[in-house]
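See below for the structure under consideration.
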Amino acid sequence: MKRAIFLDRDGVLNQAVIKNGKPYPPASVQELIIPEGVQKALSALKLSGFLLIGATNQPDVARGTTDKATVEAINAALMAALPLDDIRICYHDDKDHCECRKPYPGLLVDAAAELGIDLHQSYMIGDRWKDIEAGQRAGCRTIWLNQGYDEKKPDEPDFIAHNMSEAANWILG
């Protein structure tokens with residue numbers, strides 16, 4: 001079975017837009033910024049045999065504040081710029097109670113079933129508590145990228161990093 005690194009999008013693969021201490025997705029491809037070191041860290045993980053899979057909640061589609069085309073354009077730009085194998089998306093809002101919306105593990109579990117991934121040999125890297133909880137529920141090891149947001153912190157991630165380079169170094173350590 002394959003090993004994978006599941007990666008949240010906004011705040012991990014790309015910079016989140018911070019408003020009043022809270023992270024938000026970029027509103028367009030023009031606002032998309034890939035942080036320094038992400039490309040190199042992902043390339044090192046890829047060379048070590050990991051599948052690299054984005055796993056992102058995009059509830060602004062359900063809320064009507066952004067459209068699917070914008071989300072898909074940002075994802076396409078990330079796929080073109082980074083060595084990702086796939087990006088899995090949940091377009092639902094919390095009130096929908098779907099299994100694919102983090103903190104539920106559906107995005108990870110579905111990818112594992114489709115791609116032959118051993119979740120216990122895999123990792124979830126995220127910048128919010130919902131990412132870490134989804135990874136824990138799926139049976140992955142978890143890495144929290146502490147971006148200093150003014151919000152709830154995750155419970156007991158396996159490792160805390162401040163950037164993708166630190167996260168990749170810990171995984172490959």
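Quick note on naming: the chains in the structure tokens go A, B, ... in the order shown, residues restart at 1 in each chain, and ligands are numbered from 1 in order of appearance.
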For range 70-78 of chain A, work out the shell of residues within 10 Å, counting only C-alpha atoms and skipping chain neighbours fewer than 6 positions away, then give it as a PyMOL selection string. chain A and resi 9+13-14+25-34+54+56+58+60-61+84+86-89+91
What would the file look like if the residues just selected were written as a PDB file, in the first residue's frame with C-alpha atoms?
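What follows is the written file out.pdb:
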```pdb
ATOM      1  CA  ARG A   9      -4.827  24.123   1.070  1.00  0.00           C
ATOM      2  CA  LEU A  13      -0.078  24.945   0.312  1.00  0.00           C
ATOM      3  CA  ASN A  14      -0.758  28.652  -0.096  1.00  0.00           C
ATOM      4  CA  PRO A  25      -8.862  31.588   1.198  1.00  0.00           C
ATOM      5  CA  PRO A  26      -7.549  33.865  -1.532  1.00  0.00           C
ATOM      6  CA  ALA A  27     -10.409  35.387  -3.533  1.00  0.00           C
ATOM      7  CA  SER A  28      -8.725  34.744  -6.895  1.00  0.00           C
ATOM      8  CA  VAL A  29      -5.696  33.214  -8.581  1.00  0.00           C
ATOM      9  CA  GLN A  30      -4.171  36.709  -8.529  1.00  0.00           C
ATOM     10  CA  GLU A  31      -4.207  36.634  -4.685  1.00  0.00           C
ATOM     11  CA  LEU A  32      -2.599  33.166  -4.588  1.00  0.00           C
ATOM     12  CA  ILE A  33       0.810  33.136  -2.893  1.00  0.00           C
ATOM     13  CA  ILE A  34       2.793  29.935  -2.376  1.00  0.00           C
ATOM     14  CA  GLY A  54      -4.572  18.356  -1.030  1.00  0.00           C
ATOM     15  CA  THR A  56      -9.553  21.309   1.525  1.00  0.00           C
ATOM     16  CA  GLN A  58     -14.240  25.333   0.644  1.00  0.00           C
ATOM     17  CA  ASP A  60     -17.693  29.677   0.661  1.00  0.00           C
ATOM     18  CA  VAL A  61     -19.185  27.891  -2.360  1.00  0.00           C
ATOM     19  CA  LEU A  84       0.698  17.418  -6.091  1.00  0.00           C
ATOM     20  CA  ASP A  86      -4.542  15.426  -6.436  1.00  0.00           C
ATOM     21  CA  ILE A  87      -6.638  17.960  -4.541  1.00  0.00           C
ATOM     22  CA  ARG A  88      -9.807  16.720  -2.820  1.00  0.00           C
ATOM     23  CA  ILE A  89     -12.462  19.346  -2.085  1.00  0.00           C
ATOM     24  CA  TYR A  91     -17.795  22.360  -0.913  1.00  0.00           C
TER      25      TYR A  91
END
```
Where does DSSP see helix (DSSP H, G or I) in range 41-173 of chain A, if you list the residues as a PyMOL selection string? chain A and resi 41-47+60-63+68-81+94-96+106-115+119-121+129-138+164-172
Shell of 10 Å around Gly135 in chain A, only C-alpha atoms, local chain residues under 2 positions omitted, as a ChimeraX atom specification: /A:6-7,102-109,119-120,122-126,129-133,137-143,157
Using only C-alpha atoms for the distances, tell me which of A:Ile160, A:Leu45, A:Ala55, A:His92 is nearest to Leu172 in chain A. A:Leu45
Give the strand (DSSP E or B) residues of range 60-169 of chain A, as assigned by DSSP on the backbone, as a PyMOL selection string. chain A and resi 86-90+117+123-126+141-145+159-161
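Proximity of A:Lys46, A:Arg128, A:Lys153, A:Lys95 to Ala62 in chain A, computed with only C-alpha atoms, is greatest for A:Lys95.
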Could you name the residues that touch Tyr24 in chain A at 9 Å or less, counting only C-alpha atoms, but leaving out those on the same chain fewer than 5 positions away, as a short mmCIF file (atom, residue, chain, number, x, y, z; two decimals) with N, CA and C atoms, in the first residue's frame?
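The file below, part_2.cif, is the result:
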```
data_model
loop_
_atom_site.label_atom_id
_atom_site.label_comp_id
_atom_site.auth_asym_id
_atom_site.auth_seq_id
_atom_site.Cartn_x
_atom_site.Cartn_y
_atom_site.Cartn_z
N ASP A 10 -5.44 26.24 2.10
CA ASP A 10 -5.22 27.62 2.55
C ASP A 10 -4.53 27.64 3.90
N GLY A 11 -3.31 28.19 3.93
CA GLY A 11 -2.52 28.21 5.15
C GLY A 11 -1.43 27.15 5.17
N ALA A 16 -2.83 31.86 3.56
CA ALA A 16 -4.20 32.28 3.83
C ALA A 16 -4.22 33.81 3.89
N VAL A 17 -5.37 34.36 3.62
CA VAL A 17 -5.58 35.80 3.76
C VAL A 17 -6.08 36.01 5.19
N ILE A 18 -5.35 36.76 5.99
CA ILE A 18 -5.69 36.94 7.40
C ILE A 18 -6.51 38.21 7.59
N LYS A 19 -7.69 38.04 8.23
CA LYS A 19 -8.56 39.16 8.56
C LYS A 19 -8.96 39.01 10.03
#
```
Residues within 9 Å of Gly21 in chain A, only C-alpha atoms, excluding chain neighbours under 5 positions, as number ranges by chain: A: 148-151
With distances taken over only C-alpha atoms, the candidate from A:Gln39, A:Asp127, A:Gln121, A:Gly116 nearest Ile171 in chain A is A:Gln121
Need to verify the contact set: Ala44 in chain A, 10 Å, only C-alpha atoms, exclusion of same-chain residues closer than 6 positions in sequence. Can you return it as a PDB file with N, CA and C atoms, in the first residue's frame?
```pdb
ATOM      1  N   VAL A  38       7.729  25.769   0.281  1.00  0.00           N
ATOM      2  CA  VAL A  38       6.696  24.752   0.060  1.00  0.00           C
ATOM      3  C   VAL A  38       7.084  23.848  -1.108  1.00  0.00           C
ATOM      4  N   PHE A  50       6.103   9.489  -1.261  1.00  0.00           N
ATOM      5  CA  PHE A  50       4.764   9.835  -0.785  1.00  0.00           C
ATOM      6  C   PHE A  50       3.897  10.357  -1.923  1.00  0.00           C
ATOM      7  N   PRO A  83       4.235  19.755  -6.893  1.00  0.00           N
ATOM      8  CA  PRO A  83       4.198  18.348  -7.304  1.00  0.00           C
ATOM      9  C   PRO A  83       3.070  17.552  -6.636  1.00  0.00           C
ATOM     10  N   SER A 165       8.819  23.378   5.509  1.00  0.00           N
ATOM     11  CA  SER A 165      10.175  22.833   5.603  1.00  0.00           C
ATOM     12  C   SER A 165      10.352  22.069   6.913  1.00  0.00           C
ATOM     13  N   ALA A 168       8.285  18.765   6.671  1.00  0.00           N
ATOM     14  CA  ALA A 168       8.929  17.765   5.810  1.00  0.00           C
ATOM     15  C   ALA A 168      10.166  17.178   6.480  1.00  0.00           C
ATOM     16  N   ASN A 169      10.961  18.023   7.126  1.00  0.00           N
ATOM     17  CA  ASN A 169      12.157  17.541   7.824  1.00  0.00           C
ATOM     18  C   ASN A 169      11.796  16.552   8.922  1.00  0.00           C
ATOM     19  N   LEU A 172      10.712  13.226   7.252  1.00  0.00           N
ATOM     20  CA  LEU A 172      11.833  12.539   6.619  1.00  0.00           C
ATOM     21  C   LEU A 172      12.974  12.244   7.595  1.00  0.00           C
TER      22      LEU A 172
END
```
Which residues come within 9 Å of Ala112 in chain A, counting only C-alpha atoms, excluding same-chain residues fewer than 6 positions away, as a short mmCIF file (atom, residue, chain, number, x, y, z; two decimals) with N, CA and C atoms, in the first residue's frame?
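So the final result, stored in part-v3.cif, reads:
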```
data_model
loop_
_atom_site.label_atom_id
_atom_site.label_comp_id
_atom_site.auth_asym_id
_atom_site.auth_seq_id
_atom_site.Cartn_x
_atom_site.Cartn_y
_atom_site.Cartn_z
N LYS A 2 0.30 2.33 -0.51
CA LYS A 2 1.03 3.59 -0.66
C LYS A 2 0.95 4.43 0.62
N ALA A 4 0.89 8.47 1.98
CA ALA A 4 0.49 9.79 1.46
C ALA A 4 0.71 10.87 2.50
N ASP A 118 -2.30 3.49 2.71
CA ASP A 118 -2.31 3.03 4.09
C ASP A 118 -2.34 4.28 4.98
N LEU A 119 -3.49 4.56 5.56
CA LEU A 119 -3.65 5.77 6.36
C LEU A 119 -2.75 5.79 7.59
#
```
